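*Asks:* Next comes structure_27.cif, mmCIF, C-alpha atoms and all ligand atoms:
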data_work
#
loop_
_atom_site.group_PDB
_atom_site.id
_atom_site.type_symbol
_atom_site.label_atom_id
_atom_site.label_comp_id
_atom_site.auth_asym_id
_atom_site.auth_seq_id
_atom_site.Cartn_x
_atom_site.Cartn_y
_atom_site.Cartn_z
ATOM 1 C CA MET K 1094 102.156 103.864 89.468
ATOM 2 C CA ASN K 1095 101.125 104.865 92.989
ATOM 3 C CA SER K 1096 97.419 105.394 93.337
ATOM 4 C CA MET K 1097 95.982 108.009 95.660
ATOM 5 C CA ILE K 1098 92.860 107.210 97.658
ATOM 6 C CA LEU K 1099 92.527 110.652 99.258
ATOM 7 C CA GLU K 1100 93.410 114.067 97.903
ATOM 8 C CA ALA K 1101 93.289 117.176 100.072
ATOM 9 C CA LYS K 1102 93.788 120.611 98.530
ATOM 10 C CA GLU K 1103 94.680 123.872 100.278
ATOM 11 C CA ILE K 1104 93.196 123.082 103.695
ATOM 12 C CA TYR K 1105 92.997 126.036 106.086
ATOM 13 C CA LYS K 1106 91.678 125.972 109.655
ATOM 14 C CA SER K 1107 91.758 128.587 112.399
ATOM 15 C CA PHE K 1108 90.258 128.667 115.845
ATOM 16 C CA PHE K 1109 89.105 131.739 117.735
ATOM 17 C CA ARG K 1110 90.079 132.115 121.354
ATOM 18 C CA LEU K 1111 87.630 133.574 123.885
ATOM 19 C CA ASN K 1112 89.337 136.975 123.552
ATOM 20 C CA ASN K 1113 88.656 136.758 119.785
ATOM 21 C CA GLN K 1114 92.329 136.187 119.029
ATOM 22 C CA LYS K 1115 92.652 134.071 115.882
ATOM 23 C CA LEU K 1116 94.850 130.966 115.987
ATOM 24 C CA ASP K 1117 95.872 129.731 112.541
ATOM 25 C CA ILE K 1118 96.393 126.004 112.973
ATOM 26 C CA ILE K 1119 96.412 124.639 109.424
ATOM 27 C CA LYS K 1120 97.811 126.970 106.814
ATOM 28 C CA GLY K 1121 97.254 125.571 103.361
ATOM 29 C CA VAL K 1122 97.884 121.837 103.548
ATOM 30 C CA SER K 1123 97.703 119.881 100.309
ATOM 31 C CA PHE K 1124 98.172 116.178 100.768
ATOM 32 C CA GLU K 1125 97.702 112.893 98.949
ATOM 33 C CA LEU K 1126 97.240 109.573 100.713
ATOM 34 C CA GLU K 1127 98.648 106.560 98.938
ATOM 35 C CA ALA K 1128 96.281 103.595 98.644
ATOM 36 C CA ASP K 1129 97.154 100.262 100.301
ATOM 37 C CA LYS K 1130 99.966 101.842 102.332
ATOM 38 C CA ILE K 1131 100.549 102.796 105.962
ATOM 39 C CA THR K 1132 101.155 106.539 106.172
ATOM 40 C CA MET K 1133 101.967 108.332 109.398
ATOM 41 C CA ILE K 1134 101.998 111.917 110.642
ATOM 42 C CA VAL K 1135 104.272 113.049 113.463
ATOM 43 C CA GLY K 1136 104.698 116.500 114.994
ATOM 44 C CA ALA K 1137 104.846 118.413 118.252
ATOM 45 C CA SER K 1138 101.914 118.589 120.639
ATOM 46 C CA GLY K 1139 99.574 121.338 119.476
ATOM 47 C CA ALA K 1140 100.904 121.251 115.894
ATOM 48 C CA GLY K 1141 97.411 120.519 114.562
ATOM 49 C CA LYS K 1142 97.665 116.789 113.818
ATOM 50 C CA SER K 1143 94.318 115.810 115.340
ATOM 51 C CA THR K 1144 92.646 118.815 113.761
ATOM 52 C CA LEU K 1145 93.969 117.768 110.343
ATOM 53 C CA LEU K 1146 92.984 114.116 110.835
ATOM 54 C CA HIS K 1147 89.441 115.139 111.734
ATOM 55 C CA ILE K 1148 89.198 117.238 108.577
ATOM 56 C CA LEU K 1149 90.701 114.573 106.289
ATOM 57 C CA SER K 1150 88.230 112.021 107.640
ATOM 58 C CA GLY K 1151 85.210 114.317 107.329
ATOM 59 C CA LEU K 1152 84.626 114.554 111.103
ATOM 60 C CA ASP K 1153 85.219 118.296 111.026
ATOM 61 C CA TYR K 1154 85.038 121.039 108.386
ATOM 62 C CA PRO K 1155 87.964 123.182 107.250
ATOM 63 C CA ASP K 1156 87.572 126.956 106.817
ATOM 64 C CA SER K 1157 88.462 126.379 103.183
ATOM 65 C CA GLY K 1158 89.885 123.686 100.973
ATOM 66 C CA SER K 1159 88.677 120.330 99.710
ATOM 67 C CA VAL K 1160 89.058 116.654 100.572
ATOM 68 C CA LYS K 1161 88.272 113.981 98.020
ATOM 69 C CA ILE K 1162 88.118 110.333 99.022
ATOM 70 C CA LYS K 1163 87.887 107.906 96.105
ATOM 71 C CA GLY K 1164 86.782 110.871 94.004
ATOM 72 C CA THR K 1165 83.994 112.021 96.342
ATOM 73 C CA ASP K 1166 84.295 115.635 97.463
ATOM 74 C CA LEU K 1167 83.415 115.328 101.181
ATOM 75 C CA PHE K 1168 82.459 118.913 101.889
ATOM 76 C CA LYS K 1169 80.085 119.114 98.959
ATOM 77 C CA LEU K 1170 77.918 116.418 100.547
ATOM 78 C CA SER K 1171 74.974 117.220 102.826
ATOM 79 C CA ASP K 1172 75.549 116.383 106.521
ATOM 80 C CA GLU K 1173 73.425 113.275 106.129
ATOM 81 C CA LYS K 1174 75.254 112.042 103.023
ATOM 82 C CA LEU K 1175 78.607 112.831 104.619
ATOM 83 C CA SER K 1176 77.863 110.694 107.665
ATOM 84 C CA LYS K 1177 76.661 107.895 105.433
ATOM 85 C CA PHE K 1178 79.814 108.172 103.318
ATOM 86 C CA ARG K 1179 81.976 108.121 106.441
ATOM 87 C CA ASN K 1180 80.126 105.151 107.851
ATOM 88 C CA GLN K 1181 80.695 103.164 104.665
ATOM 89 C CA ASN K 1182 84.218 104.176 103.701
ATOM 90 C CA ILE K 1183 86.105 105.280 106.780
ATOM 91 C CA GLY K 1184 87.076 103.764 110.110
ATOM 92 C CA PHE K 1185 88.376 105.951 112.924
ATOM 93 C CA VAL K 1186 90.450 104.803 115.904
ATOM 94 C CA PHE K 1187 90.644 107.457 118.622
ATOM 95 C CA GLN K 1188 93.354 107.861 121.220
ATOM 96 C CA PHE K 1189 90.812 107.177 123.924
ATOM 97 C CA HIS K 1190 88.775 104.373 122.465
ATOM 98 C CA HIS K 1191 85.271 105.798 123.150
ATOM 99 C CA LEU K 1192 83.774 102.305 123.392
ATOM 100 C CA LEU K 1193 80.227 102.137 124.726
ATOM 101 C CA PRO K 1194 80.615 100.978 128.350
ATOM 102 C CA GLU K 1195 77.184 99.292 128.595
ATOM 103 C CA PHE K 1196 77.846 96.949 125.675
ATOM 104 C CA ASP K 1197 80.250 94.046 125.297
ATOM 105 C CA ALA K 1198 83.040 93.874 122.706
ATOM 106 C CA LEU K 1199 80.891 92.083 120.128
ATOM 107 C CA GLU K 1200 78.034 94.578 120.487
ATOM 108 C CA ASN K 1201 80.408 97.548 120.203
ATOM 109 C CA VAL K 1202 81.376 96.220 116.778
ATOM 110 C CA ALA K 1203 77.843 95.150 115.790
ATOM 111 C CA ILE K 1204 76.229 98.529 116.495
ATOM 112 C CA PRO K 1205 77.856 100.460 113.590
ATOM 113 C CA ILE K 1206 76.969 97.540 111.285
ATOM 114 C CA MET K 1207 73.319 97.855 112.325
ATOM 115 C CA ILE K 1208 73.458 101.623 111.865
ATOM 116 C CA ASN K 1209 74.567 100.849 108.340
ATOM 117 C CA GLY K 1210 71.319 98.939 107.763
ATOM 118 C CA LYS K 1211 71.952 95.277 108.626
ATOM 119 C CA SER K 1212 69.716 93.167 110.892
ATOM 120 C CA LEU K 1213 70.816 92.406 114.456
ATOM 121 C CA ALA K 1214 71.545 88.772 113.593
ATOM 122 C CA GLN K 1215 73.591 89.643 110.506
ATOM 123 C CA ALA K 1216 75.450 92.430 112.342
ATOM 124 C CA LYS K 1217 76.372 90.060 115.181
ATOM 125 C CA LYS K 1218 77.591 87.457 112.699
ATOM 126 C CA GLU K 1219 79.811 89.961 110.905
ATOM 127 C CA ALA K 1220 80.994 91.460 114.202
ATOM 128 C CA HIS K 1221 81.965 87.998 115.366
ATOM 129 C CA ASN K 1222 84.228 87.527 112.330
ATOM 130 C CA ILE K 1223 85.873 90.885 112.919
ATOM 131 C CA ILE K 1224 86.409 90.190 116.619
ATOM 132 C CA GLU K 1225 88.107 86.977 115.529
ATOM 133 C CA LEU K 1226 90.264 88.898 113.064
ATOM 134 C CA VAL K 1227 91.655 91.080 115.857
ATOM 135 C CA GLY K 1228 92.262 88.016 118.019
ATOM 136 C CA LEU K 1229 89.643 88.643 120.696
ATOM 137 C CA SER K 1230 87.204 85.738 120.266
ATOM 138 C CA ASP K 1231 87.683 84.703 123.883
ATOM 139 C CA ARG K 1232 86.831 88.224 125.073
ATOM 140 C CA ALA K 1233 83.798 88.859 122.839
ATOM 141 C CA HIS K 1234 81.363 89.057 125.742
ATOM 142 C CA HIS K 1235 83.479 91.226 127.993
ATOM 143 C CA LYS K 1236 82.459 94.829 128.547
ATOM 144 C CA PRO K 1237 85.140 97.495 128.050
ATOM 145 C CA SER K 1238 85.729 97.731 131.825
ATOM 146 C CA GLU K 1239 86.502 93.996 131.822
ATOM 147 C CA LEU K 1240 89.195 94.354 129.158
ATOM 148 C CA SER K 1241 92.813 95.493 129.381
ATOM 149 C CA GLY K 1242 93.821 98.759 127.684
ATOM 150 C CA GLY K 1243 95.385 96.830 124.791
ATOM 151 C CA GLU K 1244 92.276 94.678 124.380
ATOM 152 C CA GLN K 1245 90.036 97.744 124.460
ATOM 153 C CA GLN K 1246 92.129 99.273 121.711
ATOM 154 C CA ARG K 1247 91.800 96.072 119.650
ATOM 155 C CA VAL K 1248 88.008 96.334 120.037
ATOM 156 C CA ALA K 1249 88.296 99.953 118.887
ATOM 157 C CA VAL K 1250 90.205 98.741 115.811
ATOM 158 C CA ALA K 1251 87.555 96.040 115.268
ATOM 159 C CA ARG K 1252 84.818 98.676 115.477
ATOM 160 C CA ALA K 1253 86.690 100.822 112.946
ATOM 161 C CA LEU K 1254 86.682 97.792 110.629
ATOM 162 C CA ALA K 1255 82.960 97.139 111.112
ATOM 163 C CA ASN K 1256 81.701 98.343 107.760
ATOM 164 C CA LYS K 1257 84.703 97.204 105.720
ATOM 165 C CA PRO K 1258 86.143 100.676 105.171
ATOM 166 C CA SER K 1259 88.891 101.402 102.690
ATOM 167 C CA ILE K 1260 90.746 103.825 104.972
ATOM 168 C CA ILE K 1261 91.464 103.611 108.683
ATOM 169 C CA PHE K 1262 92.345 106.875 110.416
ATOM 170 C CA ALA K 1263 94.007 106.458 113.800
ATOM 171 C CA ASP K 1264 94.882 109.231 116.257
ATOM 172 C CA GLU K 1265 97.575 108.082 118.699
ATOM 173 C CA PRO K 1266 96.267 104.510 118.674
ATOM 174 C CA THR K 1267 99.017 103.319 121.017
ATOM 175 C CA GLY K 1268 99.166 106.478 123.142
ATOM 176 C CA ASN K 1269 97.968 104.764 126.298
ATOM 177 C CA LEU K 1270 99.482 101.338 125.811
ATOM 178 C CA ASP K 1271 102.577 99.650 127.168
ATOM 179 C CA SER K 1272 105.195 98.581 124.653
ATOM 180 C CA PHE K 1273 103.940 94.980 124.420
ATOM 181 C CA SER K 1274 100.327 95.980 123.716
ATOM 182 C CA SER K 1275 101.581 98.651 121.298
ATOM 183 C CA SER K 1276 103.588 96.117 119.339
ATOM 184 C CA LYS K 1277 100.476 93.905 119.096
ATOM 185 C CA ILE K 1278 98.561 96.831 117.607
ATOM 186 C CA HIS K 1279 101.391 97.477 115.106
ATOM 187 C CA GLU K 1280 101.331 93.834 114.028
ATOM 188 C CA LEU K 1281 97.567 94.015 113.640
ATOM 189 C CA PHE K 1282 97.792 97.133 111.452
ATOM 190 C CA ARG K 1283 100.400 95.526 109.218
ATOM 191 C CA GLU K 1284 98.351 92.298 108.961
ATOM 192 C CA LEU K 1285 95.201 94.215 108.061
ATOM 193 C CA ASN K 1286 97.138 96.271 105.540
ATOM 194 C CA THR K 1287 98.570 93.170 103.872
ATOM 195 C CA ASN K 1288 95.535 90.886 104.071
ATOM 196 C CA LEU K 1289 92.698 93.344 103.483
ATOM 197 C CA LYS K 1290 94.581 95.949 101.416
ATOM 198 C CA LEU K 1291 93.534 98.562 103.949
ATOM 199 C CA THR K 1292 94.988 102.059 103.742
ATOM 200 C CA PHE K 1293 96.090 103.613 107.048
ATOM 201 C CA LEU K 1294 96.676 107.204 108.092
ATOM 202 C CA ILE K 1295 98.049 107.257 111.619
ATOM 203 C CA VAL K 1296 99.031 110.154 113.878
ATOM 204 C CA THR K 1297 101.606 109.025 116.389
ATOM 205 C CA HIS K 1298 104.342 110.031 118.801
ATOM 206 C CA ASN K 1299 105.524 106.437 119.062
ATOM 207 C CA PRO K 1300 108.996 105.984 117.487
ATOM 208 C CA GLU K 1301 108.476 102.199 117.347
ATOM 209 C CA LEU K 1302 105.260 102.612 115.385
ATOM 210 C CA VAL K 1303 106.926 105.094 113.008
ATOM 211 C CA LYS K 1304 109.316 102.318 111.963
ATOM 212 C CA ILE K 1305 106.540 100.430 110.158
ATOM 213 C CA ALA K 1306 105.423 103.495 108.137
ATOM 214 C CA ASP K 1307 105.588 103.286 104.340
ATOM 215 C CA ASN K 1308 105.217 107.067 104.125
ATOM 216 C CA LEU K 1309 105.976 109.573 106.865
ATOM 217 C CA PHE K 1310 104.960 113.238 107.158
ATOM 218 C CA GLU K 1311 105.689 115.883 109.761
ATOM 219 C CA MET K 1312 103.202 118.563 110.773
ATOM 220 C CA LYS K 1313 104.948 121.812 111.628
ATOM 221 C CA ASP K 1314 104.044 125.513 111.487
ATOM 222 C CA GLY K 1315 100.664 124.646 110.010
ATOM 223 C CA LEU K 1316 102.084 122.633 107.118
ATOM 224 C CA LEU K 1317 102.867 119.010 106.299
ATOM 225 C CA THR K 1318 106.243 117.982 104.930
ATOM 226 C CA LYS K 1319 107.179 114.534 103.671
ATOM 227 C CA ASN K 1320 110.014 112.858 105.584
ATOM 228 C CA LYS K 1321 109.978 109.414 103.981
HETATM 229 N N1 LIG I 1401 87.995 123.743 119.310
HETATM 230 C C1 LIG I 1401 89.133 124.430 119.500
HETATM 231 N N2 LIG I 1401 89.115 125.731 119.901
HETATM 232 C C2 LIG I 1401 90.237 126.437 120.063
HETATM 233 N N3 LIG I 1401 91.469 125.933 119.860
HETATM 234 C C3 LIG I 1401 91.563 124.667 119.470
HETATM 235 C C4 LIG I 1401 90.411 123.834 119.273
HETATM 236 N N4 LIG I 1401 90.825 122.605 118.875
HETATM 237 C C5 LIG I 1401 92.184 122.672 118.847
HETATM 238 N N5 LIG I 1401 92.626 123.897 119.184
HETATM 239 C C6 LIG I 1401 94.028 124.321 119.237
HETATM 240 O O1 LIG I 1401 94.631 123.980 118.015
HETATM 241 C C7 LIG I 1401 95.952 123.506 118.230
HETATM 242 C C8 LIG I 1401 96.119 122.164 117.559
HETATM 243 O O2 LIG I 1401 95.363 121.191 118.244
HETATM 244 P P1 LIG I 1401 95.438 119.662 117.865
HETATM 245 O O3 LIG I 1401 94.570 118.929 118.818
HETATM 246 O O4 LIG I 1401 95.156 119.491 116.425
HETATM 247 O O5 LIG I 1401 97.002 119.358 118.146
HETATM 248 P P2 LIG I 1401 97.804 117.993 118.032
HETATM 249 O O6 LIG I 1401 98.916 118.189 117.063
HETATM 250 O O7 LIG I 1401 96.871 116.867 117.780
HETATM 251 O O8 LIG I 1401 98.435 117.872 119.501
HETATM 252 P P3 LIG I 1401 98.669 116.570 120.424
HETATM 253 O O9 LIG I 1401 99.906 115.900 119.890
HETATM 254 O O10 LIG I 1401 98.896 117.161 121.787
HETATM 255 O O11 LIG I 1401 97.453 115.710 120.373
HETATM 256 C C9 LIG I 1401 96.166 123.482 119.726
HETATM 257 O O12 LIG I 1401 96.950 124.600 120.081
HETATM 258 C C10 LIG I 1401 94.791 123.576 120.310
HETATM 259 O O13 LIG I 1401 94.790 124.268 121.516
HETATM 260 MG MG MG I 1402 96.190 115.261 118.929
#
Please render this file's structure as C-alpha cells.

*Replies:*
Amino acid sequence: MNSMILEAKEIYKSFFRLNNQKLDIIKGVSFELEADKITMIVGASGAGKSTLLHILSGLDYPDSGSVKIKGTDLFKLSDEKLSKFRNQNIGFVFQFHHLLPEFDALENVAIPIMINGKSLAQAKKEAHNIIELVGLSDRAHHKPSELSGGEQQRVAVARALANKPSIIFADEPTGNLDSFSSSKIHELFRELNTNLKLTFLIVTHNPELVKIADNLFEMKDGLLTKNK
C-alpha cells in the first residue's frame, strides 16, 4: 500500500492587493504526498505553486485548512515548535539558492546543523559528509561567489539535507541552470531518493525534470489535479 508522509486538507489562501481587492490564489486544495517518491507540481506562472509549497512546508500559513507531516499538524504548533519541526523534518531548496555569501560551502551546510544543537566540530564533520554526497568535496572551501550556478545549487541541496530531513521541498531548483547542470541535479535527486529514501516535492517548469517524476500534479485555477 502507498504510504502518505504529508496530508493537506482544504487549503485556502488569498492575498489582498493595495486597493483592498481580494485575490483568491488557493481555493480548497486537498493533497497527499506519497512517501519515498518524487512528486512534482507544474502550472502557469502565477498559478500559486510557490504559495502552496510554502504552506505545505510550514514556511507560510494558509487562511484555513490543515497540513499534517508524519501525523504532526503543523499549524497547531507554536511558532517556535513549528520552526524546530521544520528544521528537523524538512529541507527546502529555493529557486535562488539564498546561500550565505560570507561563508564557504561547508559552513553553509554546517550552520543549520549547529542551529539544530550540534557542536561546531560535529556540525563540520556531518557537513563534510553531505558535501561529499553531493559531489562537491573539492569545492568545500569555496564561497558561493566562487562556485558555478550548478555548484551553488548543489550546495543548496546539501544544506537542505543538513539535518537529515524526510521531505525535500524544491521550488524551481533548476530554474537558473543550463541543461547539463540541470541534469546533474536530476541525477542527484534520484540518487538521494533511492539511497536515502527521501521524499521529494518539486515545483518545476522544466520538461526534462518532469520526466523523472513518480507522481505529477498541475496547479490551475486555485486547485491541484493529478496528471500521473
Ligand atoms: N505576498 C503577496 N501579496 C500579494 N499577492 C501575492 C503575494 N504572493 C503571491 N501573490 C500573488 O499570488 C499569485 C501566485 O503567486 P505564486 O508565487 O504562488 O505563483 P507561482 O505559481 O509560483 O508562479 P511562478 O511560476 O511565476 O513562480 C501571483 O499572482 C502573485 O502575484
Ligand atoms: Mg513560483

*Asks:* Could you state which residues are captured by the PyMOL selection byres (((chain K and resi 1262) around 9) and not hetatm) in this file, as a list in words?

*Replies:*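 Applying the expression gives Leu1146, His1147, Leu1149, Ser1150, Ile1183, Gly1184, Phe1185, Val1186, Phe1187, Ala1253, Ile1260, Ile1261, Ala1263, Asp1264, Thr1292, Phe1293, Leu1294, Ile1295 and Val1296 of chain K.
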
*Asks:* With distances taken over only C-alpha atoms and all ligand atoms, which residue among K:Asn1209, K:Thr1318, K:Thr1144, K:Thr1267 lies nearest ligand MG 1402 (chain I)?

*Replies:*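 For ligand MG 1402 (chain I), the nearest of the given residues is K:Thr1144.
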
*Asks:* Quick one: apply the PyMOL selection byres (((chain K and resi 1131) around 12) and not hetatm) to the file and drop the selected residues here as a PDB file with C-alpha atoms, keeping the file's coordinate frame.

*Replies:*
ATOM      1  CA  LEU K1126      97.240 109.573 100.713  1.00  0.00           C
ATOM      2  CA  GLU K1127      98.648 106.560  98.938  1.00  0.00           C
ATOM      3  CA  ALA K1128      96.281 103.595  98.644  1.00  0.00           C
ATOM      4  CA  ASP K1129      97.154 100.262 100.301  1.00  0.00           C
ATOM      5  CA  LYS K1130      99.966 101.842 102.332  1.00  0.00           C
ATOM      6  CA  THR K1132     101.155 106.539 106.172  1.00  0.00           C
ATOM      7  CA  MET K1133     101.967 108.332 109.398  1.00  0.00           C
ATOM      8  CA  ILE K1134     101.998 111.917 110.642  1.00  0.00           C
ATOM      9  CA  ILE K1260      90.746 103.825 104.972  1.00  0.00           C
ATOM     10  CA  ILE K1261      91.464 103.611 108.683  1.00  0.00           C
ATOM     11  CA  PHE K1262      92.345 106.875 110.416  1.00  0.00           C
ATOM     12  CA  ALA K1263      94.007 106.458 113.800  1.00  0.00           C
ATOM     13  CA  HIS K1279     101.391  97.477 115.106  1.00  0.00           C
ATOM     14  CA  PHE K1282      97.792  97.133 111.452  1.00  0.00           C
ATOM     15  CA  ARG K1283     100.400  95.526 109.218  1.00  0.00           C
ATOM     16  CA  GLU K1284      98.351  92.298 108.961  1.00  0.00           C
ATOM     17  CA  LEU K1285      95.201  94.215 108.061  1.00  0.00           C
ATOM     18  CA  ASN K1286      97.138  96.271 105.540  1.00  0.00           C
ATOM     19  CA  THR K1287      98.570  93.170 103.872  1.00  0.00           C
ATOM     20  CA  LYS K1290      94.581  95.949 101.416  1.00  0.00           C
ATOM     21  CA  LEU K1291      93.534  98.562 103.949  1.00  0.00           C
ATOM     22  CA  THR K1292      94.988 102.059 103.742  1.00  0.00           C
ATOM     23  CA  PHE K1293      96.090 103.613 107.048  1.00  0.00           C
ATOM     24  CA  LEU K1294      96.676 107.204 108.092  1.00  0.00           C
ATOM     25  CA  ILE K1295      98.049 107.257 111.619  1.00  0.00           C
ATOM     26  CA  VAL K1296      99.031 110.154 113.878  1.00  0.00           C
ATOM     27  CA  LEU K1302     105.260 102.612 115.385  1.00  0.00           C
ATOM     28  CA  VAL K1303     106.926 105.094 113.008  1.00  0.00           C
ATOM     29  CA  LYS K1304     109.316 102.318 111.963  1.00  0.00           C
ATOM     30  CA  ILE K1305     106.540 100.430 110.158  1.00  0.00           C
ATOM     31  CA  ALA K1306     105.423 103.495 108.137  1.00  0.00           C
ATOM     32  CA  ASP K1307     105.588 103.286 104.340  1.00  0.00           C
ATOM     33  CA  ASN K1308     105.217 107.067 104.125  1.00  0.00           C
ATOM     34  CA  LEU K1309     105.976 109.573 106.865  1.00  0.00           C
ATOM     35  CA  PHE K1310     104.960 113.238 107.158  1.00  0.00           C
ATOM     36  CA  LYS K1321     109.978 109.414 103.981  1.00  0.00           C
TER      37      LYS K1321
END

*Asks:* Using all atoms listed in the file, find each residue of chain K with at least one atom at most 9 Å away from an atom of ligand LIG 1401 (chain I); report its shortest atom-to-atom pair and that distance in Å (one decimal), sort the rows by chain and rising residue number, and return the result as CSV.

*Replies:*
residue,atom,partner,partner_atom,distance
K:Ser1107,CA,I:LIG1401,O1,7.8
K:Phe1108,CA,I:LIG1401,C2,4.8
K:Phe1109,CA,I:LIG1401,C2,5.9
K:Arg1110,CA,I:LIG1401,C2,5.8
K:Leu1111,CA,I:LIG1401,C2,8.5
K:Leu1116,CA,I:LIG1401,N3,7.2
K:Asp1117,CA,I:LIG1401,O1,8.0
K:Ile1118,CA,I:LIG1401,O1,5.7
K:Ile1119,CA,I:LIG1401,C8,8.5
K:Val1135,CA,I:LIG1401,O6,8.3
K:Gly1136,CA,I:LIG1401,O6,6.4
K:Ala1137,CA,I:LIG1401,O9,5.8
K:Ser1138,CA,I:LIG1401,O9,3.4
K:Gly1139,CA,I:LIG1401,O5,3.5
K:Ala1140,CA,I:LIG1401,O6,3.8
K:Gly1141,CA,I:LIG1401,O4,3.1
K:Lys1142,CA,I:LIG1401,O6,3.7
K:Ser1143,CA,I:LIG1401,O7,3.7
K:Thr1144,CA,I:LIG1401,O4,3.7
K:Leu1145,CA,I:LIG1401,O4,6.4
K:Leu1146,CA,I:LIG1401,O4,8.1
K:His1147,CA,I:LIG1401,O4,8.6
K:Gln1188,CA,I:LIG1401,O11,8.9
K:Asp1264,CA,I:LIG1401,O7,8.0
K:Glu1265,CA,I:LIG1401,O11,7.8
K:Val1296,CA,I:LIG1401,O7,8.1
K:Thr1297,CA,I:LIG1401,O9,7.9
K:His1298,CA,I:LIG1401,O9,7.4
K:Met1312,CA,I:LIG1401,O6,7.6
K:Lys1313,CA,I:LIG1401,O6,8.9

*Asks:* My list of candidates is K:Asp1271, K:Pro1237, K:Phe1189, K:Leu1226. Which is closest to ligand MG 1402 (chain I) when distances are computed with only C-alpha atoms and all ligand atoms?

*Replies:* K:Phe1189

*Asks:* As a PyMOL selection string, please: the residues near K:Val1227 (cut-off 9 Å, all atoms listed in the file, same-chain neighbours under 5 positions excluded).

*Replies:* chain K and resi 1222+1247-1248+1250-1251+1281

*Asks:* Would you put the residues from that selection into a file with C-alpha atoms, as a PDB file, in the coordinates of the input?

*Replies:*
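result16.pdb written:
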ATOM      1  CA  ASN K1222      84.228  87.527 112.330  1.00  0.00           C
ATOM      2  CA  ARG K1247      91.800  96.072 119.650  1.00  0.00           C
ATOM      3  CA  VAL K1248      88.008  96.334 120.037  1.00  0.00           C
ATOM      4  CA  VAL K1250      90.205  98.741 115.811  1.00  0.00           C
ATOM      5  CA  ALA K1251      87.555  96.040 115.268  1.00  0.00           C
ATOM      6  CA  LEU K1281      97.567  94.015 113.640  1.00  0.00           C
TER       7      LEU K1281
END

*Asks:* Name the closest residue to K:Lys1102 among the candidates K:Ser1276, K:Ser1230, K:Ser1157, K:Gln1114; distances are taken between atoms, counting only C-alpha atoms.

*Replies:*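 Residue with the minimum atom-to-atom distance to K:Lys1102: K:Ser1157.
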
*Asks:* Do you know which residues lie at most 9 Å from (82.8, 93.7, 129.5), with coordinates as in the file and all atoms listed in the file counted, and could you write them as a list in words?

*Replies:* Pro1194, Glu1195, Phe1196, Asp1197, Ala1198, Arg1232, Ala1233, His1234, His1235, Lys1236, Pro1237, Ser1238, Glu1239 and Leu1240 of chain K
